[in-house]
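K.L.:
Quick one: the structure is below, questions incoming.
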Amino acid sequence: QVHLVESGGGLVQAGGSLRLSCAASGRIFSINAIGWYRQAPGKQRESVATITTDGSTNYADSVKGRFTVSRDSAWSTVYLQMNSLKPEDTAVYYCHTYIFPMNYWGQGTQVTVSS
């Protein structure tokens with residue numbers, strides 16, 4: 001069992017920055033990767049960024065060069081630094097991990113970018 005809790009969302013003007021945090025607890029020693037996802041109203045949930053045990057990262061094309069995912073060595077916290085935010089980044093942001101045979105999601109944190 002893994003418990004994920006996101007924080008750091010809020011309202012920001014276009015061009016601004018936010019840093020989201022995903023605090024993990026429970027069987028964190030079993031985590032191989034954590035991903036950030038987002039879901040805007042009326043749209044499907046989409047992958048934003050992923051970080052793996054060896055530090056490899058992957059980003060959606062829409063956020064490359066603006067967002068950076070990082071983690072501490074113990075997997076207790078994963079961060080998503082979001083710079084140069086755009087109104088289209090407005091969404092609920094979730095962190096996720098998969099530990100066989102379960103998917104684990106946090107409750108989400110709202111990010112709203114005003115134009």
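Ligands are numbered from 1 in the order shown, residues from 1 within each chain, and chains are lettered A, B, ... in the order they appear in the structure tokens.
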Given only C-alpha atoms, how would the per-residue table for range 25-75 of chain A near range 4-12 of chain A read, listing every residue at most 10 Å away with its closest atom pair and distance in Å to one decimal, sorted by chain and number, as CSV?
P.N.:
residue,atom,partner,partner_atom,distance
A:Ser25,CA,A:Leu4,CA,6.7
A:Gly26,CA,A:Leu4,CA,9.0
A:Ile28,CA,A:Leu4,CA,9.9
A:Trp36,CA,A:Glu6,CA,9.9
K.L.:
So that I can see what lies close to Ser62 in chain A, please list as a ChimeraX atom specification the residues with an atom at most 10 Å from it, counting only C-alpha atoms and leaving out residues fewer than 5 positions away in the same chain.
P.N.:
/A:48,67,88-89
K.L.:
Considering only C-alpha atoms, return as a PyMOL selection string whatever protein or nucleic-acid residues lie within 9 Å of Ala49 in chain A, sequence-local ones (same chain, fewer than 6 positions apart) excluded.
P.N.:
chain A and resi 34-37+57-60+63+67-69+80
K.L.:
Could you list, as a PyMOL selection string, every residue within 12 Å of Lys43 in chain A, counting only C-alpha atoms and ignoring same-chain residues fewer than 2 positions away?
P.N.:
chain A and resi 38-41+45-46+88+90-92
K.L.:
Tell me, as a list in words, which residues lie within 10 Å of Ala74 in chain A, counting only C-alpha atoms; anything in the same chain fewer than 5 positions away does not count.
P.N.:
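Using only C-alpha atoms, the neighbours found are Ala24, Ile28, Phe29, Ile31 and Thr53 of chain A.
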K.L.:
Once you have the residues from the selection above, write them out as a PDB file, in the first residue's frame, restricted to C-alpha atoms.
P.N.:
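Final output, saved to result-v6.pdb:
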ATOM      1  CA  ALA A  24       4.560   9.390  -0.597  1.00  0.00           C
ATOM      2  CA  ILE A  28       7.799   3.585  -0.868  1.00  0.00           C
ATOM      3  CA  PHE A  29      10.683   1.131  -1.144  1.00  0.00           C
ATOM      4  CA  ILE A  31       8.265   2.480  -6.032  1.00  0.00           C
ATOM      5  CA  THR A  53      14.417   5.177  -9.818  1.00  0.00           C
TER       6      THR A  53
END
K.L.:
Please report the interatomic distance between CA of Thr50 in chain A and CA of Asn83 in chain A in Å with one decimal.
P.N.:
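Separation of CA of Thr50 in chain A and CA of Asn83 in chain A: 16.8 Å.
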K.L.:
Considering only C-alpha atoms, return as a PyMOL selection string whatever protein or nucleic-acid residues lie within 12 Å of His3 in chain A, sequence-local ones (same chain, fewer than 5 positions apart) excluded.
P.N.:
chain A and resi 22-28+31+75-77+95-99+102-107
K.L.:
Let's see if you can do this: from backbone DSSP, list all helix (DSSP H, G or I) residues in chain A, as an mmCIF file with N, CA and C atoms, in the first residue's frame.
P.N.:
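The result, written out as selection.cif:
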data_model
loop_
_atom_site.group_PDB
_atom_site.id
_atom_site.type_symbol
_atom_site.label_atom_id
_atom_site.label_comp_id
_atom_site.auth_asym_id
_atom_site.auth_seq_id
_atom_site.Cartn_x
_atom_site.Cartn_y
_atom_site.Cartn_z
ATOM 1 N N ILE A 28 7.079 2.771 0.109
ATOM 2 C CA ILE A 28 7.799 3.585 -0.868
ATOM 3 C C ILE A 28 9.032 2.881 -1.396
ATOM 4 N N PHE A 29 9.515 1.887 -0.680
ATOM 5 C CA PHE A 29 10.683 1.131 -1.144
ATOM 6 C C PHE A 29 10.350 0.326 -2.398
ATOM 7 N N SER A 30 9.052 0.147 -2.673
ATOM 8 C CA SER A 30 8.620 -0.616 -3.846
ATOM 9 C C SER A 30 8.388 0.255 -5.073
ATOM 10 N N PRO A 87 -2.383 29.596 -19.556
ATOM 11 C CA PRO A 87 -3.771 29.269 -19.182
ATOM 12 C C PRO A 87 -4.148 27.819 -19.496
ATOM 13 N N GLU A 88 -3.577 27.277 -20.562
ATOM 14 C CA GLU A 88 -3.898 25.895 -20.923
ATOM 15 C C GLU A 88 -3.284 24.862 -19.978
ATOM 16 N N ASP A 89 -2.460 25.304 -19.033
ATOM 17 C CA ASP A 89 -1.954 24.408 -17.995
ATOM 18 C C ASP A 89 -2.950 24.231 -16.855
#
K.L.:
Using only C-alpha atoms, which of A:Met82, A:Ser73, A:Gly15, A:Gly42 sits nearest Ser114 in chain A?
P.N.:
A:Gly15
K.L.:
Choose the residue, out of A:Tyr94, A:Pro101, A:Thr109, A:Tyr79, that has the smallest atom-to-atom separation from Ser47 in chain A; count only C-alpha atoms.
P.N.:
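Result for the nearest residue to Ser47 in chain A: A:Tyr94.
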K.L.:
What's the separation between CA of Lys86 in chain A and CA of Val111 in chain A, in Å to one decimal place?
P.N.:
10.7 Å
